[in-house]
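Just below is one structure, and these are the notes that go with it.
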Protein chains: 2
Amino acid sequence: MEKINVLIIGGGASGLQAAISAKTNHPDKSVVVVRKEDKVLVPCGIPYIFGSLHTSDKNILPDKMLTDIGVEIKIAEVTGVDVEKNFCTLANKEKLYFDKLIFATGSIPTIPKWLKGGDLENVFYIPKDKQYLDEMFIKLKPLKKVITIGAGFIGVEMSDEMNKAGWDVTLVELESSILSRAFDKEFGDKAEELLKSRGVKVITNKGVKEIIGKDGKVSKVILSTGEELEADAVVLSLGYVPNTELAKKSGIELNKFGFIKTCEYMRVDNCSTDIFAVGDCAEKRDFLTRKINTTMLASTACAEARVAGMSLYELSPCKSFSGTIAIYDTAIGDTAFGTAGIIEAKAKEEHFSVVVGSFTGMDKHPGTLEGMHEQTVKLIVAADCGMIIGGEVYGGSSVGELTNSIGFLIQSHANIKTLLTAQIGTHPLLTGSPAAYPLIKAAEIVAKKLKC
Amino acid sequence: MEKINVLIIGGGASGLQAAISAKTNHPDKSVVVVRKEDKVLVPCGIPYIFGSLHTSDKNILPDKMLTDIGVEIKIAEVTGVDVEKNFCTLANKEKLYFDKLIFATGSIPTIPKWLKGGDLENVFYIPKDKQYLDEMFIKLKPLKKVITIGAGFIGVEMSDEMNKAGWDVTLVELESSILSRAFDKEFGDKAEELLKSRGVKVITNKGVKEIIGKDGKVSKVILSTGEELEADAVVLSLGYVPNTELAKKSGIELNKFGFIKTCEYMRVDNCSTDIFAVGDCAEKRDFLTRKINTTMLASTACAEARVAGMSLYELSPCKSFSGTIAIYDTAIGDTAFGTAGIIEAKAKEEHFSVVVGSFTGMDKHPGTLEGMHEQTVKLIVAADCGMIIGGEVYGGSSVGELTNSIGFLIQSHANIKTLLTAQIGTHPLLTGSPAAYPLIKAAEIVAKKLKC
């Protein structure tokens with residue numbers, strides 16, 4: 001078989017983006033994506049399958065994005081990689097030779113082996129697997145009481161969407177507030193309040209001890225306090241781990257969390273410069289703490305994939321990956337939450353001396369306009385130099401892009417003072433008012449504290 | 001009377017913001033706003049009075065924003081300013097002595113003296129004057145056919161809101177596309193198409209020659225081509241001029257467009273360092289061309305007012321005003337348009353060598369989600385150095401904040417390459433997908449052209 005110039009293993013968000021970047025930056029090179037799945041799900045869209053979308057068929061990453069630009073898709077399972085002789089072996093023994101290889105094998109749900117009853121019927125996980133989720137959806141349909149365990153983004157969105165679709169949902173979280181890795185407690189409490197007002201029962205500060213079955217099917221969940229919750233089904237969303245079995249057995253070095261060790265150009269540390277890894281399977285460092293980071297986000301994965309795609313055949317110092325900022329959002333009904341960089345609690349834990357400022361205003365002006373939503377911006381700023389290192393936002397549907405603004409400020413190492421004189425655009429229907437724009441008002445509060 | 005520490009003339013957006021900044025930065029100083037109006041309108045909300053809001057009473061800048069922090073409001077007309085002896089004279093001959101004075105006298109509509117029939121009954125302007133607009137609204141109510149002249153933001157928004165409220169509206173514009181100062185033609189054409197689909201008749205490439213009256217009231221509008229349009233009322237929105245009569249007669253130097261000459265700290269050029277001017281009445285330079293700029297925006301006005309408020313008693317080189325970026329948005333129904341910095345046509349006119357890139361995607365993902373809106377981002381980039389100097393956006397309600405992201409990139413002198421590796425946050429309900437986020441895709445297109 002002819003040698004492939006750029007071979008990418010995995011067709012999720014990072015694989016897709018790596019292929020697009022590889023091909024658009026190197027139009028003369030052949031680019032092939034090899035993946036197991038016939039159809040690939042939009043990862044962040046998965047919770048919406050169970051509510052707003054009604055079916056996984058509306059949540060498919062279009063192959064057209066690849067085939068239109070000349071990327072070839074091969075549906076097959078890679079069973080081995082020879083990173084020295086530059087070839088992959090497929091399940092059918094076929095060999096694919098390559099110049100450059102990108103691992104984009106993604107992640108799989110964390111399966112808590114310690115959890116008794118975790119193997120009962122109607123205990124579900126949320127893998128990025130269409131067939132599994134389609135079967136899960138069918139099995140869930142006749143059931144009523146669902147316990148979701150783990151209140152990260154996926155757990156919260158699944159709970160809200162399933163509640164919306166008519167299931168009786170109870171969300172259980174070990175921490176004292178939901179979404180606690182991404183938001184400070186005041187934001188988590190707001191999200192919890194909102195979820196409750198929409199009908200989701202929320203239990204915090206309690207773990208799950210055991211799932212009890214009857215005739216092999218889920219019947220009860222026992223909490224760490226001994227309390228019992230009746231249940232027809234359990235959805236576990238306890239996070240994800242990198243899918244790096246293939247890499248490991250190919251002799252690639254993993255870090256202590258199981259991620260493929262990579263550099264800032266996404267090249268695999270213990271290989272030749274032909275082997276790359278991007279997305280959930282690849283090692284990432286925190287932009288601020290510079291520690292190994294385990295946050296997995298499709299958006300970060302795509303940024304890494306763009307870096308890899310541009311760095312395959314030549315490097316540029318201005319095109320390296322700067323570390324994970326962790327910018328993400330969620331929505332509960334018409335209320336959205338966004339976060340970028342570090343939160344206050346984490347900053348303190350990591351020994352950053354910070355000053356914070358919050359301001360609550362409106363996302364339209366005057367506030368009498370229909371559809372106006374309250375908007376809160378909190379900024380986390382380094383006390384000694386004024387560098388903006390984090391932001392959290394609560395508001396209406398403009399929160400996603402507002403959070404990205406904060407993300408750009410963090411990435412440009414902006415000083416809080418730049419916001420004091422910054423120009424913004426405002427419009428009655430689209431933003432807060434120019435004299436009470438929450439991002440700038442929050443900056444003013446921080447600046448005042450810094451001066452005192 | 002006791003001496004006032006900081007006196008501000010004018011209670012519009014810039015006066016309000018100047019007072020807030022003066023007081024919050026100098027809590028021990030007395031701050032007084034003197035203004036003619038009993039109630040002040042939210043300037044950008046004015047078009048919505050005639051449609052969505054139904055009344056000007058829902059479009060009032062709350063005095064509470066000032067009184068809550070200890071700013072005093074004085075309703076009075078200033079008839080003279082002695083900029084050497086530091087006092088103002090009011091219409092009732094009272095004198096107000098001050099340490100520092102900020103002119104925030106705003107702007108008034110351009111009245112085309114050359115236009116025959118401009119003084120007929122039912123010819124209206126759009127001043128920021130509650131009483132005038134309330135009377136205009138009452139007079140308009142029984143009328144049917146309205147001709148709006150001038151397709152800038154206010155003309156477009158007035159036309160759309162009045163059409164929405166049931167008037168038969170025809171918008172007339174001399175240029176070949178609407179919103180042509182703020183957007184390149186492809187965006188203006190989209191806005192025109194949208195306005196038409198909503199029922200507004202749009203005539204471009206034609207000027208207005210004369211307004212014909214019958215019994216002293218508007219009956220027809222004659223276009224430059226000789227065409228006649230039947231009309232019950234005419235709304236002229238031909239821009240605004242700075243309201244600087246008071247400044248002029250107080251001996252303050254104005255520039256050739258009638259703005260008060262100021263420096264980057266908003267201090268008036270030919271006065272002592274006690275006299276400031278901000279907002280529509282103050283001179284502004286373009287961030288990029290460095291030419292005198294005549295763009296008037298409440299948001300820019302507020303940025304200038306913040307600078308003045310911080311610079312009253314001491315200066316800081318990191319708190320000066322950097323020149324007008326001109327970031328603004330408008331919305332037609334659920335479609336929004338945003339612009340920041342320079343547009344392509346203007347860049348070429350001003351001898352910037354530029355490369356542009358446009359990408360059209362979606363503002364939600366997957367695109368099957370309800371409420372998904374197409375989203376286009378166009379970037380204008382300096383060809384020799386890659387600096388981002390402008391952006392235009394078309395999409396749904398997240399356009400305002402997305403435009404502000406581009407504004408921050410321009411203000412931080414960001415290079416287009418920084419977007420190639422930039423991290424963003426994405427969410428199904430809030431943004432485009434990570435692999436097809438229009439801002440980054442547009443940047444990739446520009447970068448590719450720059451490389452070729």
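Note on naming: chains are A, B, ... as they come in the structure tokens, residues start from 1 per chain, ligands start from 1 in the order shown.
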Chain A residues near chain B (7 Å cut-off, only C-alpha atoms) as a PDB file with C-alpha atoms, in the first residue's frame:
```
ATOM      1  CA  ALA A  13     -13.113  16.486  17.793  1.00  0.00           C
ATOM      2  CA  GLN A  17      -9.464  19.185  13.691  1.00  0.00           C
ATOM      3  CA  VAL A  42     -20.433  15.815  18.509  1.00  0.00           C
ATOM      4  CA  CYS A  44     -20.471  18.272  23.813  1.00  0.00           C
ATOM      5  CA  GLY A  45     -23.823  17.608  22.197  1.00  0.00           C
ATOM      6  CA  LEU A  53     -32.441  16.730  20.154  1.00  0.00           C
ATOM      7  CA  LYS A  58     -29.016  14.998  15.005  1.00  0.00           C
ATOM      8  CA  ASN A  59     -25.689  15.063  16.817  1.00  0.00           C
ATOM      9  CA  ALA A 298     -13.164  19.550  22.922  1.00  0.00           C
ATOM     10  CA  SER A 299     -12.203  23.186  22.466  1.00  0.00           C
ATOM     11  CA  THR A 300      -8.764  22.736  24.035  1.00  0.00           C
ATOM     12  CA  CYS A 302      -9.005  21.467  18.847  1.00  0.00           C
ATOM     13  CA  ALA A 303      -6.439  24.120  19.771  1.00  0.00           C
ATOM     14  CA  ARG A 306      -4.361  22.993  15.181  1.00  0.00           C
ATOM     15  CA  VAL A 307      -0.873  23.263  16.682  1.00  0.00           C
ATOM     16  CA  LYS A 319       2.688  28.408  16.893  1.00  0.00           C
ATOM     17  CA  SER A 320       3.253  26.368  20.019  1.00  0.00           C
ATOM     18  CA  PHE A 321       0.620  25.445  22.579  1.00  0.00           C
ATOM     19  CA  ILE A 327     -12.396  27.861  28.991  1.00  0.00           C
ATOM     20  CA  TYR A 328     -15.837  26.312  29.189  1.00  0.00           C
ATOM     21  CA  ASP A 329     -19.506  27.006  29.490  1.00  0.00           C
ATOM     22  CA  THR A 330     -22.731  25.311  30.307  1.00  0.00           C
ATOM     23  CA  PRO A 366     -32.389  49.305  29.466  1.00  0.00           C
ATOM     24  CA  THR A 368     -36.958  46.846  30.707  1.00  0.00           C
ATOM     25  CA  LEU A 369     -36.251  45.104  27.369  1.00  0.00           C
ATOM     26  CA  SER A 397     -26.937  33.327  25.932  1.00  0.00           C
ATOM     27  CA  SER A 398     -24.113  35.816  25.365  1.00  0.00           C
ATOM     28  CA  GLY A 400     -20.215  31.897  25.790  1.00  0.00           C
ATOM     29  CA  GLU A 401     -18.659  34.717  23.795  1.00  0.00           C
ATOM     30  CA  LEU A 402     -18.149  36.925  26.848  1.00  0.00           C
ATOM     31  CA  ASN A 404     -14.116  33.864  25.307  1.00  0.00           C
ATOM     32  CA  SER A 405     -13.307  37.573  25.658  1.00  0.00           C
ATOM     33  CA  GLY A 407     -10.083  33.887  27.658  1.00  0.00           C
ATOM     34  CA  THR A 421      -9.577  52.278  29.741  1.00  0.00           C
ATOM     35  CA  ALA A 422     -10.788  49.548  27.376  1.00  0.00           C
ATOM     36  CA  GLN A 423     -13.320  50.244  24.686  1.00  0.00           C
ATOM     37  CA  ILE A 424     -16.245  47.962  24.234  1.00  0.00           C
ATOM     38  CA  GLY A 425     -19.246  47.977  21.947  1.00  0.00           C
ATOM     39  CA  THR A 426     -22.678  47.996  23.504  1.00  0.00           C
ATOM     40  CA  HIS A 427     -26.169  47.604  22.102  1.00  0.00           C
ATOM     41  CA  PRO A 428     -29.554  47.558  23.888  1.00  0.00           C
ATOM     42  CA  LEU A 430     -27.018  42.508  22.761  1.00  0.00           C
ATOM     43  CA  THR A 431     -24.995  43.684  25.764  1.00  0.00           C
ATOM     44  CA  PRO A 434     -21.708  51.118  28.485  1.00  0.00           C
ATOM     45  CA  ALA A 435     -21.772  52.605  31.996  1.00  0.00           C
TER      46      ALA A 435
END
```
Which of region 111-353 of chain A fall in helix (DSSP H, G or I), as a PyMOL selection string: chain A and resi 130-140+153-164+185-197+245-249+279-281+298-311+317-319+344-349
For C-alpha atoms, I'd like the residues from the last selection saved as an mmCIF file, in the first residue's frame.
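Output saved as again08.cif:
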```
data_model
loop_
_atom_site.group_PDB
_atom_site.id
_atom_site.type_symbol
_atom_site.label_atom_id
_atom_site.label_comp_id
_atom_site.auth_asym_id
_atom_site.auth_seq_id
_atom_site.Cartn_x
_atom_site.Cartn_y
_atom_site.Cartn_z
ATOM 1 C CA LYS A 130 -23.298 6.256 19.284
ATOM 2 C CA GLN A 131 -24.278 2.610 19.484
ATOM 3 C CA TYR A 132 -23.949 2.490 23.288
ATOM 4 C CA LEU A 133 -25.920 5.708 23.752
ATOM 5 C CA ASP A 134 -28.654 4.654 21.321
ATOM 6 C CA GLU A 135 -29.130 1.417 23.261
ATOM 7 C CA MET A 136 -29.033 3.313 26.546
ATOM 8 C CA PHE A 137 -31.709 5.707 25.293
ATOM 9 C CA ILE A 138 -33.991 2.808 24.379
ATOM 10 C CA LYS A 139 -33.460 1.115 27.743
ATOM 11 C CA LEU A 140 -34.078 4.367 29.607
ATOM 12 C CA PHE A 153 -20.637 19.501 33.255
ATOM 13 C CA ILE A 154 -21.847 16.246 31.774
ATOM 14 C CA GLY A 155 -23.677 15.184 34.929
ATOM 15 C CA VAL A 156 -25.389 18.547 35.251
ATOM 16 C CA GLU A 157 -26.362 18.761 31.569
ATOM 17 C CA MET A 158 -27.579 15.147 31.499
ATOM 18 C CA SER A 159 -29.679 15.786 34.617
ATOM 19 C CA ASP A 160 -31.219 18.935 33.214
ATOM 20 C CA GLU A 161 -31.955 17.450 29.786
ATOM 21 C CA MET A 162 -33.382 14.206 31.198
ATOM 22 C CA ASN A 163 -35.535 16.174 33.625
ATOM 23 C CA LYS A 164 -36.732 18.309 30.706
ATOM 24 C CA LYS A 185 -19.137 28.088 45.267
ATOM 25 C CA GLU A 186 -21.328 31.163 44.679
ATOM 26 C CA PHE A 187 -21.681 30.210 41.010
ATOM 27 C CA GLY A 188 -22.199 26.528 41.789
ATOM 28 C CA ASP A 189 -24.927 27.443 44.262
ATOM 29 C CA LYS A 190 -26.690 29.525 41.630
ATOM 30 C CA ALA A 191 -26.552 26.590 39.207
ATOM 31 C CA GLU A 192 -27.886 24.268 41.896
ATOM 32 C CA GLU A 193 -30.760 26.621 42.711
ATOM 33 C CA LEU A 194 -31.618 26.815 39.038
ATOM 34 C CA LEU A 195 -31.498 23.059 38.517
ATOM 35 C CA LYS A 196 -33.787 22.596 41.517
ATOM 36 C CA SER A 197 -36.243 25.203 40.271
ATOM 37 C CA GLU A 245 -4.008 1.580 25.789
ATOM 38 C CA LEU A 246 -2.863 1.488 22.157
ATOM 39 C CA ALA A 247 -0.179 4.114 22.779
ATOM 40 C CA LYS A 248 1.052 2.302 25.852
ATOM 41 C CA LYS A 249 1.395 -1.037 24.119
ATOM 42 C CA GLY A 279 -6.762 16.058 22.604
ATOM 43 C CA ASP A 280 -7.961 14.043 25.583
ATOM 44 C CA CYS A 281 -5.234 11.410 25.156
ATOM 45 C CA ALA A 298 -13.164 19.550 22.922
ATOM 46 C CA SER A 299 -12.203 23.186 22.466
ATOM 47 C CA THR A 300 -8.764 22.736 24.035
ATOM 48 C CA ALA A 301 -8.369 19.517 22.047
ATOM 49 C CA CYS A 302 -9.005 21.467 18.847
ATOM 50 C CA ALA A 303 -6.439 24.120 19.771
ATOM 51 C CA GLU A 304 -3.869 21.356 20.314
ATOM 52 C CA ALA A 305 -4.889 19.718 17.058
ATOM 53 C CA ARG A 306 -4.361 22.993 15.181
ATOM 54 C CA VAL A 307 -0.873 23.263 16.682
ATOM 55 C CA ALA A 308 -0.050 19.691 15.638
ATOM 56 C CA GLY A 309 -1.454 20.219 12.142
ATOM 57 C CA MET A 310 0.759 23.271 11.668
ATOM 58 C CA SER A 311 3.864 21.675 13.215
ATOM 59 C CA PRO A 317 7.935 29.458 17.802
ATOM 60 C CA CYS A 318 4.747 31.511 17.571
ATOM 61 C CA LYS A 319 2.688 28.408 16.893
ATOM 62 C CA GLU A 344 -10.580 31.804 43.254
ATOM 63 C CA ALA A 345 -10.636 28.657 45.418
ATOM 64 C CA LYS A 346 -8.123 26.884 43.204
ATOM 65 C CA ALA A 347 -5.896 29.969 42.957
ATOM 66 C CA LYS A 348 -5.590 30.075 46.745
ATOM 67 C CA GLU A 349 -4.956 26.342 46.926
#
```
Leaving out Trp167 (chain A) and any residue of its chain fewer than 5 positions from it, which residues lie within 12 Å of it when counting only C-alpha atoms, given as a PDB file with C-alpha atoms, in the first residue's frame?
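Output file out14.pdb is given in full below:
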```pdb
ATOM      1  CA  PHE A  50     -31.618  12.796  25.688  1.00  0.00           C
ATOM      2  CA  GLY A  51     -33.618  16.041  25.725  1.00  0.00           C
ATOM      3  CA  PHE A 137     -31.709   5.707  25.293  1.00  0.00           C
ATOM      4  CA  LEU A 140     -34.078   4.367  29.607  1.00  0.00           C
ATOM      5  CA  LYS A 141     -37.330   5.190  27.836  1.00  0.00           C
ATOM      6  CA  PRO A 142     -39.694   3.000  29.916  1.00  0.00           C
ATOM      7  CA  LEU A 143     -37.897   3.849  33.175  1.00  0.00           C
ATOM      8  CA  LYS A 144     -38.803   6.669  35.570  1.00  0.00           C
ATOM      9  CA  LYS A 145     -36.455   7.380  38.448  1.00  0.00           C
ATOM     10  CA  VAL A 146     -32.920   8.187  37.365  1.00  0.00           C
ATOM     11  CA  ILE A 147     -30.028   8.902  39.719  1.00  0.00           C
ATOM     12  CA  THR A 148     -27.164  10.795  38.084  1.00  0.00           C
ATOM     13  CA  MET A 158     -27.579  15.147  31.499  1.00  0.00           C
ATOM     14  CA  SER A 159     -29.679  15.786  34.617  1.00  0.00           C
ATOM     15  CA  ASP A 160     -31.219  18.935  33.214  1.00  0.00           C
ATOM     16  CA  GLU A 161     -31.955  17.450  29.786  1.00  0.00           C
ATOM     17  CA  MET A 162     -33.382  14.206  31.198  1.00  0.00           C
ATOM     18  CA  GLY A 199     -37.335  20.017  38.938  1.00  0.00           C
ATOM     19  CA  VAL A 200     -34.013  18.211  39.337  1.00  0.00           C
ATOM     20  CA  LYS A 201     -33.434  16.995  42.884  1.00  0.00           C
ATOM     21  CA  ALA A 231     -33.912   4.148  41.394  1.00  0.00           C
ATOM     22  CA  ASP A 232     -34.783   2.577  38.068  1.00  0.00           C
ATOM     23  CA  ALA A 233     -31.502   3.628  36.490  1.00  0.00           C
ATOM     24  CA  VAL A 234     -28.147   5.139  37.437  1.00  0.00           C
TER      25      VAL A 234
END
```
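We find CA of Gly118 (chain A) and CA of Ile178 (chain A) to be spaced 22.3 Å apart.
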Nearby residues (only C-alpha atoms) at most 12 Å from Glu228 (chain A), same-chain spacing under 4 positions excluded, as a ChimeraX atom specification: /A:147,206-212,219-224
Strand (DSSP E) positions in region 139-207 of chain B, given as a PyMOL selection string: chain B and resi 145-149+168-172+201-203
